[in-house]
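Structure, as structure tokens:
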Amino acid sequence: MRPYMIALAGAALALSGAACGQSPGLPERLQRLAGSGNAEASYHLGMLYNNGVGVPQDPRRAFAHFRAAAEGGDPLGAYKLGCYYAGQFGSVAVPPDDAQALRWKLVAARAGYSLAQLDVAIHYARRDRWAEALPWFTAAARQGEAQALYNLSVLYREGRGTRRSPPRAWATFRLSQLLSRGHLTANAGQALAEMWNAMNAAERAEARRIEASFVTGPTPLTRRAMSGLERAEQLAAAR
């Protein structure tokens, strides 16, 4: 079986939504809400400037809105603030700062955002702090983040930050492949077969039990992030 490697690429950026379908005046309506202290509106306004949706792309203005959102208590704003400190757009808006990136991403991770949980886990994994990475990989994996599931399978297979667990390694690896691709590739199928054949009957039963119950689905905060532009429109229309 080919050795596993931890996937350490950063999490994909959360988008506020595509430009298509945006109602007229959304930036102005969000600006009015943000000006009245609505932290979520500041986050969505930041995403518009972050992605150039309905307004010119402007990382500096986006960063300012994300800071306002984060300081106002919006965890998705905190995540994006952490992304900027982690080097999104280089140093255009703010000099990279690992400590600040972790600080703000932890706010969103603790609030339940799956991408923040994955990013925090990767932060610790890059520093070989496996015991600290494990719970965050687990939290993101339970929401169905395929990269977190794959990395979790490595930790359980190699005993990094926890005891080795062939059933958990098999179940999380299988789930990572099914959720990321929708099917098992030939290589993944072969690897899973080798892992399966190395387990005894009790371990195989445990592996199936874990597979059936491990992923519980996205949290409300993750669902809010996924709704993107639709959520921004709803927020602006309700005020």
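Going through the structure tokens in order, the chains are called A, B, and so on, while each chain numbers its residues from 1 and the ligands are numbered from 1 in the order shown.
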### Task
Please provide as a PyMOL selection string all residues within 10 Å of A:Arg103, with the sequence filter that same-chain residues fewer than 3 positions apart are discarded (counting only C-alpha atoms).
chain A and resi 78-79+81-82+85+97-100+106-108+120
Preceding selection exported with N, CA, C and O atoms as a short mmCIF file (atom, residue, chain, number, x, y, z; two decimals), in the first residue's frame:
```cif
data_model
loop_
_atom_site.label_atom_id
_atom_site.label_comp_id
_atom_site.auth_asym_id
_atom_site.auth_seq_id
_atom_site.Cartn_x
_atom_site.Cartn_y
_atom_site.Cartn_z
N ALA A 78 -14.94 36.98 11.33
CA ALA A 78 -13.70 36.62 12.01
C ALA A 78 -12.88 35.65 11.16
O ALA A 78 -11.65 35.77 11.07
N TYR A 79 -13.56 34.70 10.51
CA TYR A 79 -12.84 33.76 9.65
C TYR A 79 -12.15 34.48 8.51
O TYR A 79 -10.98 34.23 8.22
N LEU A 81 -11.30 37.59 8.34
CA LEU A 81 -10.21 38.39 8.88
C LEU A 81 -8.97 37.51 9.06
O LEU A 81 -7.85 37.90 8.72
N GLY A 82 -9.19 36.30 9.57
CA GLY A 82 -8.09 35.35 9.72
C GLY A 82 -7.47 34.98 8.39
O GLY A 82 -6.26 34.80 8.28
N TYR A 85 -5.10 37.71 7.38
CA TYR A 85 -3.86 37.62 8.15
C TYR A 85 -3.03 36.41 7.73
O TYR A 85 -1.81 36.39 7.89
N ASP A 97 0.26 37.57 9.37
CA ASP A 97 0.55 37.41 10.79
C ASP A 97 -0.08 36.10 11.24
O ASP A 97 -1.30 36.02 11.43
N ASP A 98 0.74 35.05 11.42
CA ASP A 98 0.21 33.73 11.76
C ASP A 98 -0.57 33.74 13.07
O ASP A 98 -1.59 33.05 13.19
N ALA A 99 -0.10 34.48 14.06
CA ALA A 99 -0.78 34.51 15.35
C ALA A 99 -2.17 35.12 15.23
O ALA A 99 -3.14 34.60 15.81
N GLN A 100 -2.27 36.21 14.48
CA GLN A 100 -3.58 36.83 14.28
C GLN A 100 -4.48 35.95 13.42
O GLN A 100 -5.70 35.88 13.65
N LEU A 106 -9.84 30.74 15.00
CA LEU A 106 -10.33 29.98 16.15
C LEU A 106 -11.71 30.47 16.59
O LEU A 106 -12.54 29.68 17.05
N VAL A 107 -11.96 31.77 16.46
CA VAL A 107 -13.30 32.30 16.79
C VAL A 107 -14.36 31.60 15.95
O VAL A 107 -15.39 31.13 16.47
N ALA A 108 -14.12 31.50 14.65
CA ALA A 108 -15.08 30.87 13.75
C ALA A 108 -15.12 29.36 13.94
O ALA A 108 -16.19 28.74 13.85
N VAL A 120 -7.73 25.57 11.13
CA VAL A 120 -7.07 25.50 12.43
C VAL A 120 -6.34 24.17 12.58
O VAL A 120 -5.19 24.12 13.05
#
```
Show me, as CSV, the residues of stretch 178-222 of chain A having an atom within 7 Å of stretch 166-173 of chain A, each with the closest atom pair and its distance in Å, using only C-alpha atoms.
```
residue,atom,partner,partner_atom,distance
A:Leu192,CA,A:Trp170,CA,6.5
A:Met195,CA,A:Trp170,CA,6.4
A:Glu203,CA,A:Pro167,CA,5.7
A:Arg204,CA,A:Pro167,CA,6.5
A:Glu206,CA,A:Pro167,CA,6.0
A:Ala207,CA,A:Pro167,CA,4.1
A:Arg208,CA,A:Ala171,CA,6.9
A:Ile210,CA,A:Ala171,CA,6.2
A:Glu211,CA,A:Ala171,CA,4.8
```
Could those selected residues go to a file with all heavy atoms, as a PDB file, in the first residue's frame?
```
ATOM      1  N   LEU A 192      -8.320   0.631   0.194  1.00  0.00           N
ATOM      2  CA  LEU A 192      -9.350   0.241   1.153  1.00  0.00           C
ATOM      3  C   LEU A 192      -9.422  -1.275   1.313  1.00  0.00           C
ATOM      4  O   LEU A 192      -9.617  -1.790   2.422  1.00  0.00           O
ATOM      5  CB  LEU A 192     -10.708   0.798   0.724  1.00  0.00           C
ATOM      6  CG  LEU A 192     -10.903   2.294   0.967  1.00  0.00           C
ATOM      7  CD1 LEU A 192     -12.076   2.824   0.157  1.00  0.00           C
ATOM      8  CD2 LEU A 192     -11.112   2.569   2.459  1.00  0.00           C
ATOM      9  N   MET A 195      -6.604  -2.348   3.530  1.00  0.00           N
ATOM     10  CA  MET A 195      -6.900  -2.010   4.921  1.00  0.00           C
ATOM     11  C   MET A 195      -7.947  -2.953   5.494  1.00  0.00           C
ATOM     12  O   MET A 195      -7.843  -3.406   6.642  1.00  0.00           O
ATOM     13  CB  MET A 195      -7.385  -0.553   5.005  1.00  0.00           C
ATOM     14  CG  MET A 195      -6.339   0.467   4.583  1.00  0.00           C
ATOM     15  SD  MET A 195      -7.031   2.136   4.347  1.00  0.00           S
ATOM     16  CE  MET A 195      -7.375   2.610   6.037  1.00  0.00           C
ATOM     17  N   GLU A 203     -13.033  -5.669  14.107  1.00  0.00           N
ATOM     18  CA  GLU A 203     -12.605  -4.374  13.586  1.00  0.00           C
ATOM     19  C   GLU A 203     -13.401  -3.988  12.347  1.00  0.00           C
ATOM     20  O   GLU A 203     -13.743  -2.816  12.162  1.00  0.00           O
ATOM     21  CB  GLU A 203     -11.112  -4.419  13.258  1.00  0.00           C
ATOM     22  CG  GLU A 203     -10.213  -4.462  14.499  1.00  0.00           C
ATOM     23  CD  GLU A 203      -8.756  -4.652  14.138  1.00  0.00           C
ATOM     24  OE1 GLU A 203      -8.477  -5.379  13.145  1.00  0.00           O
ATOM     25  OE2 GLU A 203      -7.894  -4.099  14.844  1.00  0.00           O
ATOM     26  N   ARG A 204     -13.733  -4.964  11.516  1.00  0.00           N
ATOM     27  CA  ARG A 204     -14.525  -4.670  10.323  1.00  0.00           C
ATOM     28  C   ARG A 204     -15.926  -4.201  10.702  1.00  0.00           C
ATOM     29  O   ARG A 204     -16.467  -3.264  10.092  1.00  0.00           O
ATOM     30  CB  ARG A 204     -14.609  -5.910   9.433  1.00  0.00           C
ATOM     31  CG  ARG A 204     -13.287  -6.284   8.775  1.00  0.00           C
ATOM     32  CD  ARG A 204     -13.398  -7.596   8.035  1.00  0.00           C
ATOM     33  NE  ARG A 204     -12.112  -7.978   7.428  1.00  0.00           N
ATOM     34  CZ  ARG A 204     -11.876  -9.111   6.803  1.00  0.00           C
ATOM     35  NH1 ARG A 204     -12.870 -10.002   6.667  1.00  0.00           N
ATOM     36  NH2 ARG A 204     -10.689  -9.367   6.295  1.00  0.00           N
ATOM     37  N   GLU A 206     -16.696  -2.690  13.462  1.00  0.00           N
ATOM     38  CA  GLU A 206     -16.528  -1.350  14.003  1.00  0.00           C
ATOM     39  C   GLU A 206     -16.336  -0.336  12.880  1.00  0.00           C
ATOM     40  O   GLU A 206     -16.876   0.780  12.933  1.00  0.00           O
ATOM     41  CB  GLU A 206     -15.325  -1.323  14.949  1.00  0.00           C
ATOM     42  CG  GLU A 206     -14.982   0.040  15.530  1.00  0.00           C
ATOM     43  CD  GLU A 206     -16.011   0.567  16.521  1.00  0.00           C
ATOM     44  OE1 GLU A 206     -17.020  -0.136  16.778  1.00  0.00           O
ATOM     45  OE2 GLU A 206     -15.828   1.685  17.021  1.00  0.00           O
ATOM     46  N   ALA A 207     -15.590  -0.702  11.857  1.00  0.00           N
ATOM     47  CA  ALA A 207     -15.366   0.194  10.720  1.00  0.00           C
ATOM     48  C   ALA A 207     -16.690   0.536  10.039  1.00  0.00           C
ATOM     49  O   ALA A 207     -16.939   1.703   9.682  1.00  0.00           O
ATOM     50  CB  ALA A 207     -14.406  -0.443   9.727  1.00  0.00           C
ATOM     51  N   ARG A 208     -17.537  -0.436   9.836  1.00  0.00           N
ATOM     52  CA  ARG A 208     -18.839  -0.188   9.205  1.00  0.00           C
ATOM     53  C   ARG A 208     -19.711   0.695  10.088  1.00  0.00           C
ATOM     54  O   ARG A 208     -20.446   1.560   9.595  1.00  0.00           O
ATOM     55  CB  ARG A 208     -19.533  -1.520   8.931  1.00  0.00           C
ATOM     56  CG  ARG A 208     -18.942  -2.310   7.770  1.00  0.00           C
ATOM     57  CD  ARG A 208     -19.061  -1.554   6.462  1.00  0.00           C
ATOM     58  NE  ARG A 208     -18.724  -2.390   5.303  1.00  0.00           N
ATOM     59  CZ  ARG A 208     -18.573  -1.927   4.074  1.00  0.00           C
ATOM     60  NH1 ARG A 208     -18.707  -0.623   3.844  1.00  0.00           N
ATOM     61  NH2 ARG A 208     -18.274  -2.736   3.079  1.00  0.00           N
ATOM     62  N   ILE A 210     -18.698   2.948  12.255  1.00  0.00           N
ATOM     63  CA  ILE A 210     -18.162   4.313  12.196  1.00  0.00           C
ATOM     64  C   ILE A 210     -18.552   4.980  10.880  1.00  0.00           C
ATOM     65  O   ILE A 210     -18.979   6.133  10.857  1.00  0.00           O
ATOM     66  CB  ILE A 210     -16.638   4.292  12.371  1.00  0.00           C
ATOM     67  CG1 ILE A 210     -16.274   3.831  13.784  1.00  0.00           C
ATOM     68  CG2 ILE A 210     -16.042   5.673  12.097  1.00  0.00           C
ATOM     69  CD1 ILE A 210     -14.805   3.512  13.963  1.00  0.00           C
ATOM     70  N   GLU A 211     -18.419   4.247   9.782  1.00  0.00           N
ATOM     71  CA  GLU A 211     -18.763   4.807   8.467  1.00  0.00           C
ATOM     72  C   GLU A 211     -20.213   5.274   8.430  1.00  0.00           C
ATOM     73  O   GLU A 211     -20.532   6.326   7.867  1.00  0.00           O
ATOM     74  CB  GLU A 211     -18.526   3.770   7.378  1.00  0.00           C
ATOM     75  CG  GLU A 211     -18.870   4.277   5.988  1.00  0.00           C
ATOM     76  CD  GLU A 211     -18.941   3.169   4.948  1.00  0.00           C
ATOM     77  OE1 GLU A 211     -18.965   1.981   5.327  1.00  0.00           O
ATOM     78  OE2 GLU A 211     -18.991   3.498   3.752  1.00  0.00           O
TER      79      GLU A 211
END
```
### Task
List the neighbours of A:Leu30 out to 8 Å using only C-alpha atoms; skip same-chain residues closer than 6 positions along the sequence, and give me the result as a ChimeraX atom specification.
/A:41-42,44-45,232,236
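Ranking A:Ser227, A:Thr162, A:Gln88, A:Thr222 by their shortest atom-to-atom distance to A:Pro135, with only C-alpha atoms included, puts A:Thr162 first.
Among A:Val55, A:Ala93, A:Ile122, A:Arg231, the residue with the shortest atom-to-atom distance to A:Tyr43, counting only C-alpha atoms, is A:Arg231.
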### Message
Let's see if you can do this: from backbone DSSP, list all alpha helix (DSSP H) residues in stretch 1-217 of chain A, as number ranges by chain.
### Response
A: 26-35, 39-51, 59-71, 75-85, 98-111, 114-126, 130-142, 146-158, 166-181, 186-197, 201-213
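The spacing separating atom CA of A:Ala116 from atom CA of A:Ala140 amounts to 8.3 Å.
Residue nearest A:Leu221 within the list A:Val94, A:Leu152, A:Leu115, A:Leu235: A:Leu115 [criterion: smallest interatomic distance, only C-alpha atoms].
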### Message
Could you list, as number ranges by chain, every residue within 10 Å of A:Asn151, counting only C-alpha atoms and ignoring same-chain residues fewer than 2 positions away?
### Response
A: 4-8, 118, 121-122, 125, 133-134, 137-138, 141, 146-149, 153-157, 169, 172-173, 176
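Put simply, atom CA of A:Leu48 is 11.9 Å away from atom CA of A:Glu233.
Interatomic distance, atom CA of A:Gly161 to atom CA of A:Asn187: 26.5 Å.
Residues in contact range of A:Asp58, defined as at most 8 Å between only C-alpha atoms, with sequence neighbours fewer than 6 positions away removed, read Tyr49, Asn50 and Gly52 of chain A.
Among the candidates A:Ala193, A:Leu229, A:Ala131, A:Ala86, the residue lying nearest to A:Asp119 is A:Ala86 (atoms considered: only C-alpha atoms).
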#### Entry: Distance query A:Pro220 at most 12 Å, only C-alpha atoms, self and fewer than 3 positions along chain excluded, as a VMD selection string
chain A and resid 75 to 76 111 to 114 143 217 223 to 227
Restricted to C-alpha atoms, what would the selected residues look like written as a PDB file, in the first residue's frame?
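Final output, part-v2.pdb:
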```pdb
ATOM      1  CA  PRO A  75     -17.844  34.541  13.317  1.00  0.00           C
ATOM      2  CA  LEU A  76     -17.740  34.422   9.515  1.00  0.00           C
ATOM      3  CA  ALA A 111     -18.592  28.800  16.583  1.00  0.00           C
ATOM      4  CA  GLY A 112     -18.863  25.747  14.311  1.00  0.00           C
ATOM      5  CA  TYR A 113     -17.640  26.835  10.873  1.00  0.00           C
ATOM      6  CA  SER A 114     -16.206  23.809   9.077  1.00  0.00           C
ATOM      7  CA  GLN A 143     -19.544  18.146   8.899  1.00  0.00           C
ATOM      8  CA  GLY A 217     -23.796  17.251   8.540  1.00  0.00           C
ATOM      9  CA  ARG A 223     -24.994  26.372   6.265  1.00  0.00           C
ATOM     10  CA  ARG A 224     -25.147  30.152   6.591  1.00  0.00           C
ATOM     11  CA  ALA A 225     -21.726  30.467   4.979  1.00  0.00           C
ATOM     12  CA  MET A 226     -22.764  28.140   2.165  1.00  0.00           C
ATOM     13  CA  SER A 227     -25.885  30.199   1.414  1.00  0.00           C
TER      14      SER A 227
END
```
